[in-house]
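Participant: structure-v3.txt (compact mmCIF, C-alpha atoms) pasted underneath:
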# COMPACT_ATOMS: atom_id res chain seq x y z
CA MET A 1 9.71 -0.69 -22.16
CA ILE A 2 12.39 -1.90 -19.74
CA SER A 3 14.50 -4.83 -20.91
CA GLN A 4 14.49 -8.11 -19.02
CA GLU A 5 18.14 -7.69 -18.10
CA LEU A 6 17.65 -4.23 -16.62
CA ALA A 7 14.45 -5.28 -14.82
CA LYS A 8 16.25 -8.18 -13.12
CA LYS A 9 19.10 -5.94 -12.07
CA LEU A 10 16.69 -3.35 -10.70
CA ASP A 11 14.93 -6.01 -8.62
CA LYS A 12 18.27 -7.10 -7.12
CA VAL A 13 19.22 -3.53 -6.26
CA LYS A 14 15.82 -3.00 -4.62
CA SER A 15 16.32 -6.13 -2.50
CA ILE A 16 19.49 -4.71 -0.94
CA PHE A 17 19.26 -0.91 -0.97
CA ASP A 18 16.77 1.58 0.43
CA ILE A 19 15.78 3.01 -2.94
CA GLU A 20 13.85 5.96 -1.54
CA ASP A 21 16.82 7.01 0.58
CA ILE A 22 19.15 7.00 -2.44
CA VAL A 23 16.70 8.89 -4.64
CA LYS A 24 16.33 11.59 -1.95
CA GLN A 25 20.07 12.31 -1.98
CA ASP A 26 20.95 15.74 -3.31
CA PRO A 27 24.71 15.70 -3.97
CA ASP A 28 26.41 19.08 -3.59
CA ASP A 29 30.09 20.06 -3.69
CA ARG A 30 30.57 18.96 -0.09
CA TYR A 31 29.14 15.53 -0.83
CA ILE A 32 31.29 15.20 -3.97
CA LYS A 33 34.44 15.99 -1.96
CA LYS A 34 33.46 13.35 0.60
CA TYR A 35 32.69 10.89 -2.20
CA TYR A 36 36.20 11.17 -3.64
CA LYS A 37 37.85 11.11 -0.22
CA THR A 38 35.95 7.94 0.72
CA ASN A 39 36.76 6.24 -2.58
CA LYS A 40 40.45 7.18 -2.71
CA ILE A 41 41.68 3.66 -1.87
CA PRO A 42 38.83 1.69 -3.52
CA TYR A 43 39.42 3.51 -6.83
CA SER A 44 43.08 2.49 -6.74
CA ILE A 45 42.23 -1.13 -5.90
CA PHE A 46 39.22 -1.77 -8.11
CA HIS A 47 39.97 0.51 -11.06
CA THR A 48 43.66 0.96 -11.76
CA PRO A 49 46.78 1.78 -9.72
CA THR A 50 47.83 4.25 -12.44
CA ASP A 51 45.28 6.89 -11.25
CA LEU A 52 43.60 6.88 -14.66
CA ILE A 53 40.18 6.46 -13.07
CA TYR A 54 38.23 6.87 -16.30
CA MET A 55 36.52 4.72 -18.87
CA GLY A 56 38.96 3.10 -21.24
CA ILE A 57 38.08 3.66 -24.90
CA SER A 58 38.77 0.24 -26.42
CA ARG A 59 38.41 0.76 -30.15
CA ASP A 60 39.23 -2.89 -30.89
CA GLY A 61 36.50 -4.08 -28.51
CA LYS A 62 38.91 -5.65 -26.00
CA TYR A 63 39.98 -4.02 -22.73
CA ASN A 64 43.61 -3.08 -22.36
CA ARG A 65 44.96 -0.83 -19.61
CA ASP A 66 46.48 1.37 -22.32
CA ASP A 67 42.90 2.23 -23.41
CA LEU A 68 42.62 4.41 -20.29
CA LEU A 69 44.97 6.86 -22.01
CA GLU A 70 42.82 7.28 -25.12
CA GLN A 71 41.23 10.51 -23.86
CA ALA A 72 44.68 11.99 -23.22
CA ARG A 73 45.84 10.90 -26.67
CA VAL A 74 42.90 12.68 -28.29
CA VAL A 75 43.73 15.83 -26.32
CA ASN A 76 47.37 15.50 -27.37
CA LYS A 77 46.39 15.57 -31.05
CA TYR A 78 44.76 18.97 -30.54
CA ILE A 79 47.69 20.27 -28.51
CA LYS A 80 49.95 19.40 -31.44
CA ARG A 81 47.43 20.73 -33.96
CA VAL A 82 47.38 24.26 -32.52
CA GLY A 83 50.89 24.26 -31.06
CA ALA A 84 49.40 24.95 -27.62
CA LYS A 85 51.51 26.87 -25.12
CA LYS A 86 48.95 26.77 -22.29
CA VAL A 87 46.46 23.99 -21.55
CA LEU A 88 43.86 23.79 -18.77
CA GLU A 89 42.32 20.61 -17.39
CA LEU A 90 39.07 21.10 -15.51
CA ALA A 91 38.53 18.60 -12.67
CA THR A 92 42.14 17.45 -12.97
CA GLY A 93 41.57 14.89 -10.22
CA ARG A 94 44.65 12.79 -9.52
CA GLY A 95 46.42 14.49 -12.40
CA ALA A 96 47.13 11.38 -14.46
CA ASN A 97 46.08 12.91 -17.79
CA SER A 98 47.88 16.22 -17.38
CA TYR A 99 50.96 14.46 -16.02
CA TYR A 100 51.06 12.22 -19.09
CA LEU A 101 50.53 15.18 -21.42
CA SER A 102 53.11 17.36 -19.67
CA LYS A 103 55.75 14.72 -20.38
CA GLN A 104 54.67 14.50 -24.01
CA ASN A 105 54.79 18.30 -24.40
CA PRO A 106 57.67 19.70 -22.29
CA ASN A 107 57.33 23.19 -23.80
CA THR A 108 53.64 23.49 -22.93
CA GLU A 109 52.34 24.68 -19.56
CA PHE A 110 49.55 22.56 -18.07
CA TYR A 111 47.20 23.95 -15.45
CA GLY A 112 44.63 21.93 -13.55
CA ILE A 113 41.90 22.71 -11.04
CA ASP A 114 39.88 20.41 -8.80
CA ILE A 115 37.58 20.85 -5.79
CA SER A 116 38.82 17.71 -4.02
CA GLU A 117 41.92 18.24 -1.90
CA THR A 118 42.20 14.45 -1.56
CA GLN A 119 42.48 14.08 -5.32
CA LEU A 120 44.60 17.19 -5.72
CA ASN A 121 47.24 15.98 -3.26
CA LEU A 122 47.92 13.07 -5.61
CA ALA A 123 48.12 15.46 -8.57
CA LYS A 124 50.60 17.67 -6.72
CA LYS A 125 52.89 14.70 -6.13
CA LYS A 126 52.97 14.10 -9.87
CA ALA A 127 53.56 17.80 -10.53
CA LYS A 128 56.79 17.64 -8.53
CA LYS A 129 58.17 15.24 -11.14
CA VAL A 130 57.72 17.65 -14.07
CA PRO A 131 58.38 21.40 -14.41
CA ASN A 132 55.30 22.26 -16.48
CA TYR A 133 52.23 20.96 -14.60
CA PHE A 134 50.52 23.29 -12.11
CA PRO A 135 47.50 21.79 -10.30
CA ARG A 136 45.59 23.98 -7.86
CA LEU A 137 42.45 23.95 -5.76
CA GLY A 138 39.48 25.40 -7.61
CA ASN A 139 35.95 24.92 -8.87
CA TYR A 140 35.46 24.87 -12.63
CA ASN A 141 32.10 26.56 -12.15
CA ASN A 142 34.12 29.69 -11.33
CA LEU A 143 37.01 30.43 -13.70
CA GLU A 144 37.44 34.12 -12.85
CA LYS A 145 41.08 33.54 -11.82
CA PHE A 146 42.00 32.84 -15.45
CA ASP A 147 42.56 35.64 -17.96
CA SER A 148 40.54 35.96 -21.14
CA ASN A 149 42.06 34.45 -24.29
CA SER A 150 44.74 32.63 -22.30
CA PHE A 151 44.46 28.93 -23.29
CA GLU A 152 44.67 27.19 -26.64
CA VAL A 153 43.20 23.96 -25.26
CA VAL A 154 40.88 23.20 -22.34
CA PHE A 155 39.67 19.69 -21.56
CA ILE A 156 37.60 17.76 -19.03
CA VAL A 157 37.19 14.01 -18.61
CA GLU A 158 34.00 12.58 -17.11
CA ALA A 159 33.32 15.52 -14.83
CA LEU A 160 31.31 18.19 -16.66
CA CYS A 161 28.31 16.05 -15.68
CA TYR A 162 28.73 17.38 -12.12
CA SER A 163 27.94 20.96 -13.15
CA ASN A 164 24.44 22.24 -12.57
CA ASN A 165 25.04 25.28 -14.76
CA LYS A 166 26.79 24.08 -17.89
CA SER A 167 25.77 27.17 -19.86
CA LYS A 168 27.78 29.32 -17.44
CA VAL A 169 30.77 26.99 -17.64
CA LEU A 170 30.66 26.96 -21.44
CA CYS A 171 30.48 30.76 -21.59
CA GLU A 172 33.53 30.96 -19.32
CA ILE A 173 35.38 28.48 -21.52
CA TYR A 174 34.60 30.72 -24.48
CA ARG A 175 36.10 33.65 -22.57
CA ILE A 176 39.36 31.95 -21.54
CA LEU A 177 39.98 30.16 -24.86
CA LYS A 178 42.03 31.88 -27.51
CA PRO A 179 40.28 32.28 -30.88
CA GLY A 180 40.70 29.00 -32.73
CA GLY A 181 41.16 27.14 -29.44
CA PHE A 182 39.44 23.88 -28.50
CA PHE A 183 37.43 22.56 -25.56
CA LEU A 184 37.42 18.75 -25.42
CA ILE A 185 34.75 16.97 -23.39
CA PHE A 186 34.60 13.26 -22.63
CA ASP A 187 31.45 12.36 -20.72
CA GLY A 188 28.37 10.23 -20.26
CA TYR A 189 24.78 11.31 -20.92
CA GLN A 190 21.26 10.00 -21.01
CA SER A 191 20.60 9.30 -24.67
CA ARG A 192 16.84 8.70 -24.70
CA THR A 193 13.97 10.77 -23.36
CA ASP A 194 11.17 8.22 -23.85
CA LEU A 195 11.99 6.22 -20.72
CA ASP A 196 9.41 4.33 -18.69
CA GLY A 197 9.26 4.58 -14.90
CA ASP A 198 11.70 1.75 -14.15
CA GLU A 199 14.20 2.94 -16.75
CA LYS A 200 14.11 6.43 -15.22
CA LEU A 201 14.63 4.89 -11.77
CA ALA A 202 17.65 2.90 -12.98
CA CYS A 203 19.13 6.10 -14.44
CA GLU A 204 18.49 8.03 -11.25
CA LEU A 205 20.04 5.35 -9.05
CA THR A 206 23.06 5.20 -11.34
CA ALA A 207 23.51 8.97 -11.15
CA LYS A 208 23.16 9.12 -7.36
CA GLY A 209 25.61 6.23 -6.96
CA MET A 210 28.18 8.39 -8.77
CA ALA A 211 27.38 11.50 -6.67
CA LEU A 212 25.46 13.11 -9.54
CA LYS A 213 22.14 14.90 -9.20
CA SER A 214 20.96 13.45 -12.50
CA PHE A 215 22.05 12.59 -16.03
CA GLU A 216 21.58 15.26 -18.67
CA THR A 217 20.45 14.20 -22.12
CA TYR A 218 23.01 14.78 -24.83
CA THR A 219 20.43 16.75 -26.82
CA HIS A 220 20.00 19.16 -23.90
CA PHE A 221 23.76 19.56 -23.57
CA VAL A 222 24.06 20.46 -27.26
CA GLU A 223 21.39 23.12 -26.70
CA SER A 224 23.57 24.56 -23.90
CA VAL A 225 26.47 24.81 -26.34
CA GLY A 226 24.32 27.03 -28.54
CA THR A 227 24.12 29.67 -25.79
CA SER A 228 27.89 29.91 -25.35
CA ARG A 229 29.09 31.07 -28.80
CA LEU A 230 31.30 27.99 -28.95
CA THR A 231 30.65 25.79 -31.96
CA ILE A 232 30.75 22.01 -32.30
CA HIS A 233 33.87 20.94 -34.18
CA PHE A 234 33.58 17.17 -33.71
CA GLU A 235 31.28 14.59 -32.10
CA GLU A 236 31.76 10.85 -31.68
CA ASP A 237 29.59 8.34 -29.86
CA VAL A 238 32.09 5.88 -28.35
CA SER A 239 29.58 4.05 -26.16
CA GLU A 240 30.40 0.63 -27.61
CA TYR A 241 34.11 1.24 -27.02
CA VAL A 242 33.71 1.93 -23.28
CA LEU A 243 31.69 -1.26 -22.73
CA PRO A 244 34.80 -3.41 -22.08
CA THR A 245 35.72 -1.17 -19.11
CA MET A 246 32.12 -1.09 -17.90
CA LYS A 247 31.92 -4.88 -18.03
CA ARG A 248 34.96 -5.12 -15.75
CA PHE A 249 33.11 -3.05 -13.15
CA GLU A 250 29.92 -5.02 -13.72
CA LYS A 251 31.76 -8.27 -13.02
CA LEU A 252 32.84 -6.98 -9.60
CA ALA A 253 29.39 -5.59 -8.83
CA ARG A 254 27.72 -8.85 -9.84
CA ILE A 255 29.61 -10.64 -7.05
CA TYR A 256 28.20 -8.10 -4.59
CA PHE A 257 24.63 -8.51 -5.78
CA THR A 258 24.73 -12.32 -5.89
CA LEU A 259 25.59 -12.42 -2.17
CA PRO A 260 22.70 -10.40 -0.72
CA LEU A 261 23.45 -11.16 2.94
CA THR A 262 27.08 -10.10 2.54
CA ALA A 263 25.92 -7.03 0.61
CA ARG A 264 23.55 -5.98 3.40
CA ILE A 265 26.29 -6.39 6.00
CA ALA A 266 28.73 -4.38 3.86
CA LYS A 267 26.09 -1.67 3.52
CA LEU A 268 25.94 -1.40 7.31
CA ILE A 269 29.72 -1.35 7.76
CA PHE A 270 31.01 0.82 4.92
CA PRO A 271 30.14 4.45 4.01
CA LYS A 272 27.31 4.90 1.52
CA GLU A 273 29.66 6.85 -0.77
CA PHE A 274 31.54 3.57 -1.22
CA VAL A 275 28.81 0.91 -1.35
CA ASN A 276 26.49 3.00 -3.55
CA ASN A 277 29.20 2.82 -6.24
CA SER A 278 28.16 -0.77 -6.82
CA ILE A 279 24.87 0.42 -8.34
CA PRO A 280 26.28 2.33 -11.37
CA ALA A 281 28.87 -0.42 -11.85
CA TYR A 282 26.02 -2.94 -12.05
CA PHE A 283 23.68 -0.89 -14.24
CA MET A 284 25.96 0.95 -16.68
CA PRO A 285 26.66 -1.73 -19.31
CA THR A 286 22.96 -2.50 -19.58
CA LEU A 287 22.00 1.18 -19.81
CA VAL A 288 24.42 1.56 -22.72
CA LYS A 289 23.31 -1.65 -24.45
CA ASP A 290 19.66 -0.56 -24.10
CA LYS A 291 20.52 2.84 -25.67
CA ILE A 292 19.43 4.61 -22.49
CA ALA A 293 22.88 6.08 -21.86
CA CYS A 294 25.79 7.03 -24.08
CA TYR A 295 29.42 8.10 -23.82
CA MET A 296 30.42 10.96 -26.10
CA ILE A 297 33.55 12.74 -27.24
CA THR A 298 32.53 16.32 -27.98
CA ILE A 299 35.04 18.89 -29.21
CA LEU A 300 34.03 22.54 -29.24
CA THR A 301 35.93 25.44 -30.72
CA LYS A 302 36.03 29.20 -30.32
CA PRO A 303 35.68 30.68 -33.82
CA LEU A 304 38.60 32.68 -35.18
CA THR A 305 36.24 35.43 -36.32
CA LYS A 306 35.08 37.64 -33.46
CA GLN A 307 31.39 37.64 -32.67
CA PRO A 308 29.53 40.99 -32.48
CA GLU A 309 29.29 40.67 -28.67
CA ASP A 310 33.11 40.56 -28.46
CA ARG A 311 33.54 44.07 -29.85
CA VAL A 312 34.39 46.78 -27.40
Starting from the file, lay out its structure as structure tokens.
Facilitator:
Amino acid sequence: MISQELAKKLDKVKSIFDIEDIVKQDPDDRYIKKYYKTNKIPYSIFHTPTDLIYMGISRDGKYNRDDLLEQARVVNKYIKRVGAKKVLELATGRGANSYYLSKQNPNTEFYGIDISETQLNLAKKKAKKVPNYFPRLGNYNNLEKFDSNSFEVVFIVEALCYSNNKSKVLCEIYRILKPGGFFLIFDGYQSRTDLDGDEKLACELTAKGMALKSFETYTHFVESVGTSRLTIHFEEDVSEYVLPTMKRFEKLARIYFTLPLTARIAKLIFPKEFVNNSIPAYFMPTLVKDKIACYMITILTKPLTKQPEDRV
């Protein structure tokens, strides 16, 4: 049953937005590119000027800008662990993570791909400052350009959720990883399946506001892993640690939703890819608190022992 807090928020969203129009949206790659192009400046203003446009993982329960680097620090531990010579970041975006890591590991080559030229242009500017970061245009749903057994570490931050064929992506990761290599995933999921109608609607509106088709349950994602021959090395639910970042966004969104007339005017003036962002910002902390959504660190590995299917 929907909580009082979520029900009140849903009513406010309904009073401002055309819910049916949002639900009908079917985000594809073209829409995602437009979404990131439209939000280039807003992300820098409302999130952080450092281009770390991710959830901070605040393990002490208090937001600090340094928490935005926690994902990169986790990746760095695995780079050191395996002595990685080549690392690939899927959906490298503005390149903040790979840029940070390339400075920490000057003898490691970092490659990044992203479908958004707007984002990639920012990554390329960073790449000019270091000799070992190579961002390029590409879609992580197609990794044919990369040789088999070529990377010790692959990682992706808050973007695997955009794939509609995760099984294919995971199988390709298995192919390009060296035996004993790691694939690190930081992402959000739907955590419960027993949702009522309003809870499902809140999830759907949150997804569409972020240019997602829908949220996958974590259980379903784990099932996809089973088809790839990768194995789960480590899992951690860090939902409570991303709440401080989420609450910062919620605070901004709350201003929007408490001024309905201003909100309606803004909705008429600004692109939907921008104003619809207010919906996930408003809903996300409550979805996490109500155990409807979760944020997971999942680390997969390619076994050292070859599988039967690998034999020529």
Participant: Work out how far apart atom CA of Glu172 of chain A and atom CA of Lys85 of chain A are and give it in Å to one decimal.
Facilitator: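 So the two atoms, atom CA of Glu172 of chain A and atom CA of Lys85 of chain A, lie 19.3 Å apart.
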Participant: Compile the contact shell of segment 227-229 of chain A as a PyMOL selection string: residues with an atom at most 9 Å away, counting all atoms listed in the file, same-chain residues fewer than 4 positions apart removed.
Facilitator: chain A and resi 167-174+223+302-303+307
Participant: So that I can check the surroundings of segment 121-127 of chain A, please list as a ChimeraX atom specification every protein, DNA and RNA residue that reaches within 9 Å of it, counting only C-alpha atoms and ignoring chain neighbours fewer than 2 positions away.
Facilitator: /A:51,92-96,98-99,112,116-119,129-136
Participant: Rank nothing, just name the residue among A:Ile2, A:Ile299, A:Ile232, A:Val275 nearest to Ala253 of chain A, using all atoms listed in the file.
Facilitator: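 Looking at the shortest contact to Ala253 of chain A, the residue is A:Val275.
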Participant: Tell me which residues come within 12 Å of (24.8, 7.9, -8.5), as a ChimeraX atom specification, counting only C-alpha atoms in the file's coordinates.
Facilitator: /A:19,22-27,31-32,35,161-162,201-215,272-284
Participant: Check the smallest atom-to-atom distance from each of A:Ser102, A:Asp29, A:Thr108, A:Leu243 to Gly138 of chain A using all atoms listed in the file, then report the winner.
Facilitator: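 Checking each candidate against Gly138 of chain A, we get A:Asp29 as the closest.
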Participant: So what do you get for atom CA of Lys291 of chain A versus atom CA of Gln71 of chain A, distance-wise?
Facilitator: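 Separating atom CA of Lys291 of chain A from atom CA of Gln71 of chain A is a distance of 22.2 Å.
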Participant: Please, what distance in Å, to one decimal, runs between atom CA of Lys247 of chain A and atom CA of Lys34 of chain A?
Facilitator: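 We find that atom CA of Lys247 of chain A and atom CA of Lys34 of chain A lie 26.1 Å from each other.
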Participant: Between A:Asp237, A:Val153, A:Ile292, A:Lys33, which has the minimum distance to Thr217 of chain A (counting all atoms listed in the file)?
Facilitator: A:Ile292
Participant: Taking N, CA and C atoms as the atom set, what does segment 212-226 of chain A look like once completed, written as a compact mmCIF listing (two decimals), in the coordinates of the input?
Facilitator:
# COMPACT_ATOMS: atom_id res chain seq x y z
N LEU A 212 26.07 12.17 -8.60
CA LEU A 212 25.46 13.11 -9.54
C LEU A 212 24.02 13.39 -9.13
N LYS A 213 23.56 14.60 -9.43
CA LYS A 213 22.14 14.90 -9.20
C LYS A 213 21.28 14.14 -10.20
N SER A 214 21.70 14.15 -11.45
CA SER A 214 20.96 13.45 -12.50
C SER A 214 21.81 13.42 -13.76
N PHE A 215 21.39 12.61 -14.72
CA PHE A 215 22.05 12.59 -16.03
C PHE A 215 21.34 13.57 -16.96
N GLU A 216 22.12 14.36 -17.66
CA GLU A 216 21.58 15.26 -18.67
C GLU A 216 21.49 14.51 -19.99
N THR A 217 20.49 14.80 -20.78
CA THR A 217 20.45 14.20 -22.12
C THR A 217 21.48 14.91 -23.00
N TYR A 218 22.01 14.18 -23.95
CA TYR A 218 23.01 14.78 -24.83
C TYR A 218 22.38 15.91 -25.67
N THR A 219 21.13 15.72 -26.04
CA THR A 219 20.43 16.75 -26.82
C THR A 219 20.37 18.06 -26.04
N HIS A 220 20.08 17.96 -24.74
CA HIS A 220 20.00 19.16 -23.90
C HIS A 220 21.37 19.82 -23.78
N PHE A 221 22.41 19.00 -23.66
CA PHE A 221 23.76 19.56 -23.57
C PHE A 221 24.11 20.34 -24.84
N VAL A 222 23.78 19.78 -25.99
CA VAL A 222 24.06 20.46 -27.26
C VAL A 222 23.33 21.80 -27.31
N GLU A 223 22.13 21.85 -26.77
CA GLU A 223 21.39 23.12 -26.70
C GLU A 223 22.14 24.14 -25.85
N SER A 224 22.77 23.67 -24.76
CA SER A 224 23.57 24.56 -23.90
C SER A 224 24.75 25.14 -24.67
N VAL A 225 25.34 24.33 -25.53
CA VAL A 225 26.47 24.81 -26.34
C VAL A 225 26.04 26.00 -27.18
N GLY A 226 24.82 25.96 -27.68
CA GLY A 226 24.32 27.03 -28.54
C GLY A 226 24.24 28.38 -27.86
